[in-house]
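J.: Next up, start-v4.cif (mmCIF, C-alpha atoms and all ligand atoms).
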data_query
loop_
_atom_site.label_atom_id
_atom_site.label_comp_id
_atom_site.auth_asym_id
_atom_site.auth_seq_id
_atom_site.Cartn_x
_atom_site.Cartn_y
_atom_site.Cartn_z
CA MET A 20 118.45 -310.86 -160.70
CA GLU A 21 115.23 -308.95 -160.91
CA VAL A 22 114.71 -309.31 -164.63
CA LEU A 23 114.55 -313.03 -164.23
CA GLU A 24 111.37 -312.44 -162.28
CA GLY A 25 110.18 -310.15 -165.06
CA ILE A 26 110.96 -306.76 -163.51
CA LYS A 27 112.25 -304.40 -166.13
CA ILE A 28 113.56 -301.53 -164.05
CA ILE A 29 117.20 -301.63 -163.14
CA ASP A 30 118.49 -299.44 -160.37
CA LEU A 31 122.04 -298.79 -161.50
CA LYS A 32 122.91 -297.72 -157.97
CA GLU A 33 122.44 -301.34 -156.91
CA VAL A 34 124.41 -302.81 -159.75
CA PHE A 35 127.44 -300.57 -160.18
CA SER A 36 130.32 -299.53 -157.96
CA THR A 37 130.44 -295.99 -156.56
CA GLU A 38 133.40 -295.31 -158.85
CA LEU A 39 131.36 -296.23 -161.90
CA LEU A 40 128.33 -294.27 -160.72
CA VAL A 41 130.47 -291.14 -160.38
CA LEU A 42 131.59 -291.71 -163.95
CA LEU A 43 128.04 -292.19 -165.17
CA LYS A 44 127.00 -288.96 -163.45
CA LYS A 45 129.67 -287.08 -165.40
CA ILE A 46 128.51 -288.71 -168.61
CA GLU A 47 124.98 -287.65 -167.82
CA ILE A 48 126.05 -284.05 -167.25
CA VAL A 49 127.78 -283.94 -170.66
CA SER A 50 124.72 -285.57 -172.22
CA LYS A 51 122.42 -282.84 -170.82
CA LYS A 52 124.79 -280.09 -171.84
CA ARG A 53 125.06 -281.36 -175.42
CA GLY A 54 121.41 -282.36 -175.68
CA GLU A 55 122.37 -285.87 -176.80
CA ARG A 56 120.89 -288.98 -175.18
CA VAL A 57 123.37 -291.63 -174.01
CA PHE A 58 122.86 -295.31 -173.30
CA LEU A 59 124.75 -298.18 -171.76
CA VAL A 60 124.53 -301.00 -174.29
CA GLY A 61 125.56 -304.56 -175.05
CA GLY A 62 127.56 -306.70 -172.63
CA ILE A 63 127.33 -304.41 -169.62
CA VAL A 64 123.50 -304.46 -169.73
CA ARG A 65 123.38 -308.22 -170.31
CA ASP A 66 125.83 -308.91 -167.50
CA SER A 67 124.15 -306.50 -165.07
CA LEU A 68 120.91 -308.38 -165.60
CA LEU A 69 122.73 -311.61 -164.86
CA GLY A 70 124.29 -310.09 -161.75
CA ILE A 71 127.77 -310.24 -163.25
CA TRP A 72 130.24 -307.36 -162.99
CA SER A 73 131.40 -306.29 -166.44
CA LYS A 74 134.61 -304.28 -166.93
CA ASP A 75 133.87 -303.05 -170.42
CA ILE A 76 131.64 -300.04 -170.59
CA ASP A 77 129.96 -299.62 -173.97
CA ILE A 78 128.08 -296.42 -174.54
CA VAL A 79 125.98 -295.30 -177.46
CA VAL A 80 125.48 -291.59 -178.02
CA GLU A 81 122.45 -290.53 -180.02
CA GLY A 82 124.56 -287.91 -181.72
CA ASP A 83 128.27 -287.38 -182.17
CA ALA A 84 130.30 -289.81 -180.05
CA ILE A 85 133.64 -288.31 -181.00
CA ASN A 86 132.89 -284.78 -179.85
CA PHE A 87 131.05 -286.23 -176.86
CA SER A 88 134.16 -288.15 -175.81
CA LEU A 89 136.40 -285.09 -176.23
CA GLU A 90 134.09 -283.08 -174.00
CA LEU A 91 133.82 -285.89 -171.48
CA LYS A 92 137.59 -286.11 -171.26
CA LYS A 93 137.65 -282.54 -169.91
CA THR A 94 135.60 -283.59 -166.89
CA ILE A 95 137.07 -286.98 -166.09
CA ASP A 96 140.57 -287.97 -165.29
CA ALA A 97 141.20 -290.11 -168.37
CA GLU A 98 144.64 -291.32 -169.41
CA LYS A 99 143.81 -290.85 -173.07
CA VAL A 100 141.12 -290.67 -175.68
CA ILE A 101 141.42 -292.43 -179.03
CA THR A 102 139.00 -291.49 -181.79
CA TYR A 103 138.11 -293.32 -184.99
CA GLU A 104 136.55 -290.87 -187.44
CA LYS A 105 135.68 -293.55 -189.97
CA PHE A 106 133.53 -295.54 -187.53
CA LYS A 107 132.35 -292.51 -185.51
CA THR A 108 133.63 -294.14 -182.32
CA ALA A 109 135.98 -293.25 -179.49
CA VAL A 110 137.68 -294.98 -176.59
CA LEU A 111 138.36 -293.27 -173.29
CA VAL A 112 140.98 -295.05 -171.25
CA ILE A 113 140.47 -294.12 -167.60
CA ASP A 114 143.13 -296.43 -166.15
CA SER A 115 144.32 -299.99 -166.61
CA LYS A 116 140.99 -301.26 -165.23
CA ILE A 117 138.34 -299.03 -166.79
CA LYS A 118 137.84 -298.22 -170.43
CA ILE A 119 134.79 -296.63 -172.03
CA ASP A 120 133.88 -297.33 -175.64
CA LEU A 121 131.66 -294.66 -177.16
CA ALA A 122 129.85 -295.08 -180.45
CA SER A 123 127.43 -292.87 -182.30
CA SER A 124 124.13 -294.72 -182.68
CA ARG A 125 124.16 -296.16 -186.13
CA VAL A 126 122.72 -298.49 -188.70
CA GLU A 127 124.98 -300.77 -190.67
CA TYR A 128 124.56 -302.00 -194.23
CA TYR A 129 126.43 -304.93 -195.66
CA GLU A 130 127.34 -304.42 -199.31
CA TYR A 131 127.88 -308.13 -199.72
CA PRO A 132 127.94 -311.11 -197.30
CA ALA A 133 130.77 -311.00 -194.74
CA SER A 134 131.91 -307.55 -195.85
CA LEU A 135 132.68 -304.80 -193.37
CA PRO A 136 129.54 -302.73 -192.85
CA ILE A 137 128.77 -299.25 -194.15
CA VAL A 138 127.85 -297.03 -191.22
CA GLU A 139 125.17 -294.32 -190.98
CA ASN A 140 123.79 -292.34 -188.05
CA SER A 141 120.54 -293.59 -186.52
CA THR A 142 118.41 -293.77 -183.39
CA ILE A 143 119.06 -296.13 -180.50
CA LYS A 144 116.30 -298.44 -181.76
CA GLU A 145 117.98 -298.87 -185.13
CA ASP A 146 121.31 -299.22 -183.41
CA MET A 147 119.98 -302.14 -181.40
CA TYR A 148 118.84 -303.85 -184.59
CA ARG A 149 122.36 -304.04 -186.01
CA ARG A 150 123.50 -306.14 -183.06
CA ASP A 151 124.22 -309.84 -182.94
CA PHE A 152 121.85 -311.46 -180.43
CA THR A 153 118.78 -310.44 -178.50
CA ILE A 154 120.65 -310.70 -175.19
CA ASN A 155 123.18 -308.18 -176.54
CA SER A 156 120.53 -305.82 -177.89
CA MET A 157 119.41 -304.14 -174.74
CA ALA A 158 120.21 -300.65 -173.49
CA LEU A 159 119.90 -298.55 -170.37
CA GLU A 160 119.58 -294.81 -170.66
CA ILE A 161 122.02 -292.84 -168.51
CA GLU A 162 119.78 -290.18 -167.07
CA GLY A 163 118.14 -288.78 -163.96
CA ASN A 164 118.32 -290.90 -160.86
CA PHE A 165 119.86 -293.95 -162.54
CA SER A 166 116.74 -295.98 -162.11
CA SER A 167 116.33 -296.94 -165.67
CA GLU A 168 113.92 -299.07 -167.65
CA VAL A 169 115.66 -301.65 -169.79
CA ILE A 170 115.27 -300.70 -173.43
CA ASP A 171 114.53 -304.05 -174.95
CA PHE A 172 112.97 -304.05 -178.41
CA TYR A 173 113.81 -307.67 -179.18
CA ASN A 174 112.91 -309.52 -175.98
CA GLY A 175 116.45 -309.90 -174.77
CA GLN A 176 115.27 -310.24 -171.19
CA GLU A 177 113.01 -313.12 -172.11
CA ASP A 178 115.88 -314.93 -173.86
CA LEU A 179 118.17 -314.23 -170.94
CA LYS A 180 115.57 -315.77 -168.65
CA ASN A 181 115.19 -318.79 -170.94
CA LYS A 182 118.95 -319.07 -171.48
CA LYS A 183 118.74 -318.72 -175.25
CA ILE A 184 121.09 -317.25 -177.82
CA LYS A 185 118.90 -315.84 -180.56
CA VAL A 186 119.72 -313.77 -183.63
CA LEU A 187 117.59 -310.75 -184.50
CA HIS A 188 116.85 -311.73 -188.08
CA ASN A 189 117.36 -314.51 -190.62
CA LEU A 190 120.24 -312.85 -192.43
CA SER A 191 122.32 -312.23 -189.33
CA PHE A 192 124.92 -314.96 -189.93
CA ILE A 193 125.12 -314.10 -193.63
CA ASP A 194 125.75 -310.43 -192.86
CA ASP A 195 128.47 -311.24 -190.38
CA PRO A 196 129.63 -314.85 -190.05
CA THR A 197 131.83 -313.99 -187.04
CA ARG A 198 128.50 -314.17 -185.20
CA ILE A 199 128.56 -317.94 -185.68
CA ILE A 200 131.58 -318.12 -183.39
CA ARG A 201 130.29 -315.39 -181.10
CA ALA A 202 127.04 -317.36 -180.64
CA LEU A 203 128.97 -320.42 -179.50
CA ARG A 204 131.22 -318.32 -177.27
CA PHE A 205 128.26 -316.83 -175.40
CA ALA A 206 126.45 -320.17 -175.31
CA GLY A 207 129.56 -321.72 -173.80
CA ARG A 208 130.19 -318.93 -171.34
CA TYR A 209 126.71 -318.71 -169.88
CA LYS A 210 125.72 -322.35 -170.44
CA PHE A 211 122.93 -321.17 -172.76
CA ASP A 212 121.47 -323.03 -175.73
CA LEU A 213 121.00 -321.80 -179.24
CA GLU A 214 117.37 -320.94 -179.87
CA LYS A 215 115.87 -323.47 -182.27
CA LYS A 216 115.69 -321.32 -185.38
CA THR A 217 119.03 -319.70 -184.62
CA GLU A 218 120.59 -323.15 -184.52
CA ILE A 219 119.10 -324.02 -187.92
CA LEU A 220 120.43 -320.75 -189.36
CA LEU A 221 123.81 -321.39 -187.80
CA LYS A 222 124.04 -324.92 -189.19
CA ASP A 223 122.95 -323.69 -192.63
CA GLY A 224 125.54 -320.94 -192.45
CA ILE A 225 128.27 -323.44 -191.67
CA SER A 226 127.26 -325.87 -194.40
CA GLU A 227 126.92 -323.02 -196.90
CA GLY A 228 130.53 -322.05 -196.08
CA TYR A 229 129.86 -318.56 -194.64
CA LEU A 230 132.95 -318.81 -192.45
CA LYS A 231 135.10 -319.27 -195.53
CA LYS A 232 133.81 -315.95 -196.86
CA LEU A 233 135.29 -314.12 -193.89
CA SER A 234 138.78 -312.77 -194.14
CA TRP A 235 141.14 -315.04 -192.23
CA PRO A 236 142.35 -312.25 -189.85
CA ARG A 237 138.75 -311.70 -188.68
CA LEU A 238 138.10 -315.39 -188.22
CA LYS A 239 141.41 -315.89 -186.44
CA GLN A 240 140.59 -313.05 -184.06
CA GLU A 241 137.29 -314.72 -183.10
CA PHE A 242 139.08 -317.99 -182.36
CA LYS A 243 141.60 -316.18 -180.17
CA ILE A 244 138.85 -314.42 -178.21
CA LEU A 245 137.00 -317.68 -177.71
CA PHE A 246 140.11 -319.56 -176.53
CA ASP A 247 140.80 -316.69 -174.16
CA GLU A 248 137.46 -317.12 -172.38
CA LYS A 249 137.84 -317.92 -168.70
CA ASN A 250 135.99 -321.20 -169.17
CA SER A 251 136.46 -322.00 -172.80
CA MET A 252 135.82 -325.72 -172.65
CA ARG A 253 132.11 -325.69 -173.34
CA ALA A 254 132.50 -323.28 -176.24
CA ILE A 255 135.28 -325.45 -177.66
CA CYS A 256 132.99 -328.48 -177.45
CA LEU A 257 130.45 -326.47 -179.43
CA LEU A 258 133.07 -325.50 -182.04
CA ASP A 259 133.81 -329.19 -182.33
CA LYS A 260 130.14 -330.18 -182.44
CA TYR A 261 129.53 -327.90 -185.41
CA ASN A 262 132.85 -328.85 -187.11
CA ILE A 263 134.23 -325.32 -186.89
CA LEU A 264 137.66 -326.32 -185.60
CA GLU A 265 138.22 -327.59 -189.13
CA GLU A 266 138.64 -323.98 -190.20
CA ILE A 267 141.91 -323.97 -188.24
CA HIS A 268 143.02 -327.36 -189.55
CA PRO A 269 140.97 -330.32 -190.80
CA MET A 270 143.00 -332.75 -188.69
CA ILE A 271 142.21 -331.16 -185.33
CA LYS A 272 140.36 -333.66 -183.19
CA CYS A 273 138.79 -332.62 -179.94
CA ASN A 274 138.55 -335.95 -178.10
CA GLU A 275 137.95 -336.80 -174.44
CA LYS A 276 141.66 -336.53 -173.68
CA THR A 277 141.91 -333.05 -175.18
CA LEU A 278 138.89 -331.87 -173.21
CA GLU A 279 140.28 -333.37 -170.02
CA LYS A 280 143.49 -331.36 -170.55
CA ILE A 281 141.59 -328.15 -171.24
CA LYS A 282 139.56 -328.72 -168.09
CA LYS A 283 142.76 -329.04 -166.04
CA ILE A 284 144.25 -325.94 -167.67
CA GLU A 285 141.17 -323.87 -166.82
CA LYS A 286 141.81 -324.63 -163.17
CA VAL A 287 145.24 -323.00 -163.13
CA GLY A 288 144.16 -319.59 -164.40
CA LYS A 289 146.33 -317.85 -161.82
CA PHE A 290 149.46 -319.08 -163.60
CA PHE A 291 148.55 -317.13 -166.72
CA GLU A 292 148.67 -313.90 -164.81
CA ILE A 293 151.78 -314.75 -162.83
CA PHE A 294 153.78 -315.69 -165.91
CA LYS A 295 152.11 -313.19 -168.26
CA ILE A 296 150.89 -315.93 -170.55
CA GLU A 297 148.19 -315.34 -173.12
CA LYS A 298 145.67 -318.01 -172.24
CA TRP A 299 144.47 -318.54 -175.79
CA LEU A 300 147.92 -319.81 -176.73
CA ILE A 301 147.77 -322.65 -174.23
CA ILE A 302 144.32 -323.79 -175.37
CA PHE A 303 145.43 -323.45 -178.99
CA PHE A 304 148.48 -325.65 -178.43
CA ILE A 305 146.44 -328.30 -176.66
CA LEU A 306 144.13 -328.44 -179.67
CA LEU A 307 147.08 -328.73 -182.03
CA GLU A 308 149.06 -331.34 -180.18
CA ASN A 309 147.93 -334.32 -182.24
CA LEU A 310 149.00 -332.74 -185.51
CA GLU A 311 152.08 -333.85 -187.39
CA LYS A 312 155.01 -331.44 -187.35
CA ASN A 313 154.34 -329.99 -190.81
CA GLU A 314 150.61 -329.59 -190.08
CA PHE A 315 151.42 -327.91 -186.77
CA ASN A 316 153.81 -325.53 -188.53
CA GLN A 317 151.23 -324.76 -191.20
CA VAL A 318 148.72 -323.67 -188.55
CA LEU A 319 151.29 -321.53 -186.77
CA ILE A 320 152.10 -319.78 -190.04
CA LYS A 321 148.37 -319.18 -190.54
CA PHE A 322 148.28 -317.58 -187.09
CA ASP A 323 151.21 -315.28 -188.00
CA PHE A 324 153.86 -316.81 -185.77
CA THR A 325 157.43 -315.86 -186.69
CA ASN A 326 159.92 -318.53 -187.74
CA LYS A 327 161.63 -318.17 -184.40
CA GLN A 328 158.37 -318.76 -182.53
CA ILE A 329 157.51 -321.73 -184.72
CA LYS A 330 160.85 -323.34 -183.94
CA LYS A 331 160.46 -322.67 -180.23
CA TYR A 332 156.94 -324.01 -179.97
CA ASN A 333 157.25 -327.02 -182.17
CA TYR A 334 160.21 -328.28 -180.15
CA GLY A 335 158.21 -328.08 -176.92
CA ILE A 336 154.70 -329.02 -177.95
CA LEU A 337 155.54 -331.87 -180.30
CA LYS A 338 158.18 -333.36 -178.02
CA LYS A 339 156.20 -333.24 -174.80
CA THR A 340 156.30 -336.97 -174.10
CA GLU A 341 160.08 -337.13 -174.53
CA ILE A 342 160.59 -334.06 -172.37
CA LEU A 343 158.48 -335.57 -169.59
CA GLU A 344 160.47 -338.81 -169.86
CA LYS A 345 163.71 -336.85 -169.43
CA ILE A 346 162.34 -334.93 -166.47
CA LYS A 347 161.45 -338.19 -164.75
CA LYS A 348 165.07 -339.30 -164.80
CA ILE A 349 166.72 -336.18 -163.40
CA ASP A 350 166.82 -334.46 -160.09
CA LEU A 351 169.42 -331.68 -159.86
CA ASN A 352 168.30 -328.08 -160.32
CA SER A 353 170.88 -327.61 -163.05
CA GLU A 354 169.49 -330.61 -164.95
CA ILE A 355 165.95 -329.29 -164.65
CA TYR A 356 167.17 -325.91 -165.89
CA ILE A 357 168.98 -327.36 -168.90
CA ILE A 358 165.88 -329.18 -170.05
CA LEU A 359 163.24 -326.54 -169.37
CA ASN A 360 165.18 -323.40 -170.19
CA LYS A 361 164.92 -324.20 -173.90
CA ILE A 362 161.17 -324.56 -173.80
CA SER A 363 158.46 -321.92 -174.05
CA ILE A 364 156.67 -320.96 -170.85
CA GLU A 365 153.34 -322.03 -172.40
CA THR A 366 154.67 -325.54 -173.00
CA ILE A 367 156.03 -325.72 -169.47
CA VAL A 368 152.64 -324.84 -168.00
CA ILE A 369 151.04 -327.51 -170.18
CA LEU A 370 153.66 -330.04 -169.04
CA MET A 371 153.06 -329.12 -165.44
CA VAL A 372 149.32 -329.54 -165.69
CA GLU A 373 149.68 -332.82 -167.59
CA SER A 374 151.99 -334.33 -165.00
CA GLN A 375 149.78 -333.24 -162.11
CA ASN A 376 148.02 -336.30 -160.63
CA SER A 377 149.75 -338.71 -163.02
CA ASP A 378 153.40 -338.09 -162.18
CA GLU A 379 153.70 -336.13 -158.97
CA GLU A 380 157.52 -336.13 -159.00
CA SER A 381 157.77 -334.49 -162.43
CA TYR A 382 155.00 -332.09 -161.44
CA ARG A 383 157.06 -331.07 -158.40
CA LYS A 384 160.19 -330.52 -160.54
CA ILE A 385 158.39 -328.43 -163.13
CA LYS A 386 156.76 -326.31 -160.46
CA LYS A 387 160.15 -325.89 -158.81
CA TYR A 388 161.56 -324.68 -162.12
CA LEU A 389 158.78 -322.14 -162.54
CA PHE A 390 158.88 -320.73 -159.03
CA GLU A 391 162.47 -321.24 -157.84
CA ILE A 392 164.82 -321.78 -160.75
CA LYS A 393 163.56 -319.95 -163.82
CA ASP A 394 164.39 -316.42 -162.69
CA VAL A 395 167.65 -317.06 -160.84
CA LYS A 396 170.33 -314.61 -161.99
CA PRO A 397 173.99 -315.70 -162.11
CA LYS A 398 175.98 -314.46 -159.12
CA ILE A 399 179.28 -314.86 -160.96
CA ARG A 400 179.87 -312.57 -163.90
CA GLY A 401 182.67 -312.28 -166.44
CA GLU A 402 184.46 -309.60 -164.44
CA ASP A 403 184.56 -311.91 -161.38
CA LEU A 404 186.35 -314.58 -163.40
CA ILE A 405 188.81 -312.04 -164.82
CA LYS A 406 189.58 -310.84 -161.29
CA LYS A 407 190.20 -314.46 -160.35
CA GLY A 408 192.82 -314.55 -163.11
CA ILE A 409 190.82 -316.48 -165.70
CA LYS A 410 191.56 -315.30 -169.23
CA PRO A 411 188.63 -314.53 -171.56
CA ASN A 412 189.27 -317.25 -174.14
CA LYS A 413 186.98 -319.64 -176.03
CA PHE A 414 186.24 -321.59 -172.84
CA PHE A 415 185.18 -318.46 -170.96
CA LYS A 416 181.45 -318.84 -171.66
CA SER A 417 181.36 -322.45 -170.60
CA LYS A 418 183.30 -321.52 -167.44
CA LEU A 419 180.63 -318.96 -166.60
CA ASN A 420 177.98 -321.54 -167.33
CA TYR A 421 179.75 -324.00 -165.04
CA TYR A 422 179.53 -321.51 -162.17
CA PHE A 423 175.89 -320.85 -162.91
CA MET A 424 175.03 -324.55 -162.81
CA LEU A 425 177.02 -324.84 -159.59
CA GLN A 426 175.01 -321.98 -158.17
CA LEU A 427 171.71 -323.61 -159.15
CA ASP A 428 172.68 -326.83 -157.40
CA ASN A 429 173.94 -324.99 -154.33
CA ILE A 430 171.42 -322.24 -154.19
CA HIS A 431 172.45 -320.98 -150.75
CA LEU A 432 176.16 -320.52 -151.48
CA LYS A 433 177.41 -316.94 -151.48
CA LYS A 434 179.33 -315.51 -154.43
CA ILE A 435 182.69 -315.87 -152.70
CA GLU A 436 181.95 -319.46 -151.69
CA LEU A 437 181.00 -320.27 -155.28
CA LEU A 438 184.22 -318.77 -156.63
CA ASN A 439 186.26 -320.83 -154.21
CA PHE A 440 184.29 -324.05 -154.73
P1 LIG B 501 132.19 -309.59 -173.69
O1 LIG B 501 131.65 -309.82 -172.34
O2 LIG B 501 132.75 -310.80 -174.33
O3 LIG B 501 133.07 -308.39 -173.83
P2 LIG B 501 130.32 -308.03 -175.21
O4 LIG B 501 128.87 -308.27 -175.49
O5 LIG B 501 130.68 -306.81 -174.45
O6 LIG B 501 130.87 -309.34 -174.54
P3 LIG B 501 131.85 -307.05 -177.45
O7 LIG B 501 132.54 -307.88 -178.49
O8 LIG B 501 132.63 -306.15 -176.59
O9 LIG B 501 131.04 -308.11 -176.60
O10 LIG B 501 130.73 -306.24 -178.18
C1 LIG B 501 129.93 -305.28 -177.53
C2 LIG B 501 128.55 -305.26 -178.14
O11 LIG B 501 128.63 -304.91 -179.53
C3 LIG B 501 127.84 -306.61 -178.12
O12 LIG B 501 127.16 -306.81 -176.91
C4 LIG B 501 126.92 -306.50 -179.31
O13 LIG B 501 125.77 -305.76 -178.98
C5 LIG B 501 127.72 -305.68 -180.29
N1 LIG B 501 128.49 -306.52 -181.22
C6 LIG B 501 129.77 -306.93 -181.10
N2 LIG B 501 130.16 -307.68 -182.15
C7 LIG B 501 129.09 -307.73 -182.96
C8 LIG B 501 128.84 -308.35 -184.22
N3 LIG B 501 129.78 -309.08 -184.84
N4 LIG B 501 127.63 -308.19 -184.77
C9 LIG B 501 126.69 -307.44 -184.16
N5 LIG B 501 126.84 -306.87 -182.98
C10 LIG B 501 128.02 -306.99 -182.38
#
What's the structure tokens form of this structure?
T.:
Amino acid sequence: MEVLEGIKIIDLKEVFSTELLVLLKKIEIVSKKRGERVFLVGGIVRDSLLGIWSKDIDIVVEGDAINFSLELKKTIDAEKVITYEKFKTAVLVIDSKIKIDLASSRVEYYEYPASLPIVENSTIKEDMYRRDFTINSMALEIEGNFSSEVIDFYNGQEDLKNKKIKVLHNLSFIDDPTRIIRALRFAGRYKFDLEKKTEILLKDGISEGYLKKLSWPRLKQEFKILFDEKNSMRAICLLDKYNILEEIHPMIKCNEKTLEKIKKIEKVGKFFEIFKIEKWLIIFFILLENLEKNEFNQVLIKFDFTNKQIKKYNYGILKKTEILEKIKKIDLNSEIYIILNKISIETIVILMVESQNSDEESYRKIKKYLFEIKDVKPKIRGEDLIKKGIKPNKFFKSKLNYYFMLQLDNIHLKKIELLNF
């Protein structure tokens, strides 16, 4: 991308889709009308400079973002607008793909380390200073012909070019220790290094226990976001390198085997979408799999799992080896169903990936369960049995189950053929 050669002008027309440009034009019109300057900020600027398409549109209004968003909603076809008076921010949801976050430019003060900040209006320059890293502290003004100079007070472009994650000031990690995890997430994602001084500050922050000062819900959220990264492996290695996984549980060990599994999981991203799985859960379970049952349960409680979920997951995750042994020995669809139906979808995907390359037969059976067996609906229902003269007594449920298993093993039989089997 141009900035890497030192050119600081970005032509948004080259970077963004027509759809987005139309949206920006409307934002610009509202900006002119209200006499408030507006800027694209944060991730979208960083990613545009890297030539990466970013879905999240963050906008800073030098003025009142809430009223700006309400006015903007009148001109664009947005599903809804959500406003947060306390933070002077708003979110405009255009559709399932595009969402615009609007914030009033602001400065933030931290009353004490790791507290939530106090917010006051400011200029874009001050707004940039409250941000986490230089590469996230750049802005592009939405104006005129969309050929905009990158607003870059802290040399973000230079750090982007040199692949460095750098904080803006020495107190950054003290102010907000979530930045420790964010730094490793971005370093992992873009294969960047921590700038030398930033690394010293980060290490100091960890040894001084800054992460422990954060409320657990905030820390937990950062872990989830990191595990959800498309390629989380490098960031997880960094969490391990700086002993941050200990915050989840001191017994978590991220060895070669764990990393190998995560690597394999990253390759089957399409399954997460197909089966509506939250990716972070899979990575999380892989990291937890060497824990004892009570340690595993402790962590799940910490992550707000319900008792029902804990029961479900600890059966699958902690008994993986036994389950795979059982799968090896069976072959009928009904047998595969009986074993896997009890197990969470996340565990099944982990089992599938683990058996791939090492036990092709089990891999084939698990895949068959996911794609051919899991969603089969029984053809025979209670009313069919009653019509056949079977009385609804205590054996009725097992009778129905018998027909369902029969159906699974004879998948092409019609209802009538099943009933007469
Ligand atoms: P991603 O691609 O992961 O969405 P992003 O940079 O858009 O990355 P967000 O978490 O959406 O990340 O935050 C948007 C912007 O807000 C960041 O680029 C950064 O400028 C600022 N920001 C977010 N979290 C913090 C924080 N903890 N401290 C300071 N600035 C932050």
J.: Would you compute the distance between atom CA of A:Lys361 and atom CA of A:Ile336? Give it in Å to one decimal.
T.: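 Atom CA of A:Ile336 lies 12.0 Å from atom CA of A:Lys361.
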J.: Quick one: of A:Met147, A:Cys273, A:Leu42, A:Ile199, who's nearest to A:Asp223, counting only C-alpha atoms?
T.: A:Ile199
J.: As a quick test: using all atoms listed in the file, which residues lie no more than 7 Å away from ligand LIG 501 (chain B)? Give them as a count of residues only.
T.: 15
J.: Which residue is closest to A:Glu265? Choose from A:Arg56, A:Asp66, A:Ile385, A:Leu307 and count all atoms listed in the file.
T.: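 Under the stated criterion, the closest residue is A:Leu307.
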J.: Mind listing as a PyMOL selection string all residues within 12 Å of (158.4, -335.1, -175.0), counting only C-alpha atoms?
T.: chain A and resi 308+333-347+358-359+362+366-367+369-370+373-374
J.: May I have the selected residues written with C-alpha atoms, as a PDB file, keeping the file's coordinate frame?
T.:
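Saved to again-v4.pdb:
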ATOM      1  CA  GLU A 308     149.060-331.340-180.180  1.00  0.00           C
ATOM      2  CA  ASN A 333     157.250-327.020-182.170  1.00  0.00           C
ATOM      3  CA  TYR A 334     160.210-328.280-180.150  1.00  0.00           C
ATOM      4  CA  GLY A 335     158.210-328.080-176.920  1.00  0.00           C
ATOM      5  CA  ILE A 336     154.700-329.020-177.950  1.00  0.00           C
ATOM      6  CA  LEU A 337     155.540-331.870-180.300  1.00  0.00           C
ATOM      7  CA  LYS A 338     158.180-333.360-178.020  1.00  0.00           C
ATOM      8  CA  LYS A 339     156.200-333.240-174.800  1.00  0.00           C
ATOM      9  CA  THR A 340     156.300-336.970-174.100  1.00  0.00           C
ATOM     10  CA  GLU A 341     160.080-337.130-174.530  1.00  0.00           C
ATOM     11  CA  ILE A 342     160.590-334.060-172.370  1.00  0.00           C
ATOM     12  CA  LEU A 343     158.480-335.570-169.590  1.00  0.00           C
ATOM     13  CA  GLU A 344     160.470-338.810-169.860  1.00  0.00           C
ATOM     14  CA  LYS A 345     163.710-336.850-169.430  1.00  0.00           C
ATOM     15  CA  ILE A 346     162.340-334.930-166.470  1.00  0.00           C
ATOM     16  CA  LYS A 347     161.450-338.190-164.750  1.00  0.00           C
ATOM     17  CA  ILE A 358     165.880-329.180-170.050  1.00  0.00           C
ATOM     18  CA  LEU A 359     163.240-326.540-169.370  1.00  0.00           C
ATOM     19  CA  ILE A 362     161.170-324.560-173.800  1.00  0.00           C
ATOM     20  CA  THR A 366     154.670-325.540-173.000  1.00  0.00           C
ATOM     21  CA  ILE A 367     156.030-325.720-169.470  1.00  0.00           C
ATOM     22  CA  ILE A 369     151.040-327.510-170.180  1.00  0.00           C
ATOM     23  CA  LEU A 370     153.660-330.040-169.040  1.00  0.00           C
ATOM     24  CA  GLU A 373     149.680-332.820-167.590  1.00  0.00           C
ATOM     25  CA  SER A 374     151.990-334.330-165.000  1.00  0.00           C
TER      26      SER A 374
END
J.: Would you mind reading off the distance between atom CA of A:Lys331 and atom CA of A:Ser363, one decimal, in Å?
T.: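 We find that atom CA of A:Lys331 and atom CA of A:Ser363 lie 6.5 Å from each other.
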J.: Restricting the calculation to only C-alpha atoms, which member of A:Lys249, A:Lys231, A:Lys280, A:Lys215 is positioned closest to A:Glu266?
T.: A:Lys231
J.: Under the rule that only C-alpha atoms are counted, which of A:Leu187, A:Ile430, A:Leu39, A:Ile29 is the nearest residue to A:Val169?
T.: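 Nearest to A:Val169: A:Ile29.
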J.: Take the point (128.6, -308.1, -190.0) in the file's coordinates, draw a sphere of radius 12 Å around it, and report as a ChimeraX atom specification every protein, DNA or RNA residue with an atom inside or on it, counting all atoms listed in the file.
T.: /A:126-138,148-151,190-199,201,229-230,232-234,237
J.: Interatomic distance between atom CA of A:Lys185 and atom CA of A:Glu214?
T.: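 The value is 5.4 Å.
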J.: Excluding A:Glu285 and any residue of its chain fewer than 6 positions from it, enumerate the residues within 9 Å of it, using only C-alpha atoms, and give them as a list in words.
T.: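 Listed by chain and then number, they are Lys249, Asn250, Ser251 and Met252 of chain A.
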J.: Got a sec: who's within 12 Å of A:Gly54, counting all atoms listed in the file, leaving out chain neighbours fewer than 2 positions off, as a list in words?
T.: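 In the requested form, the answer reads Ile46, Glu47, Ile48, Val49, Ser50, Lys51, Lys52, Arg56, Val57, Val80, Glu81, Gly82, Asp83, Phe87 and Glu162 of chain A.
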J.: I want to know what sits within 7 Å of A:Asp30, based on all atoms listed in the file, with residues of the same chain fewer than 4 positions away left out; could you give that as a ChimeraX atom specification?
T.: /A:34,165-167
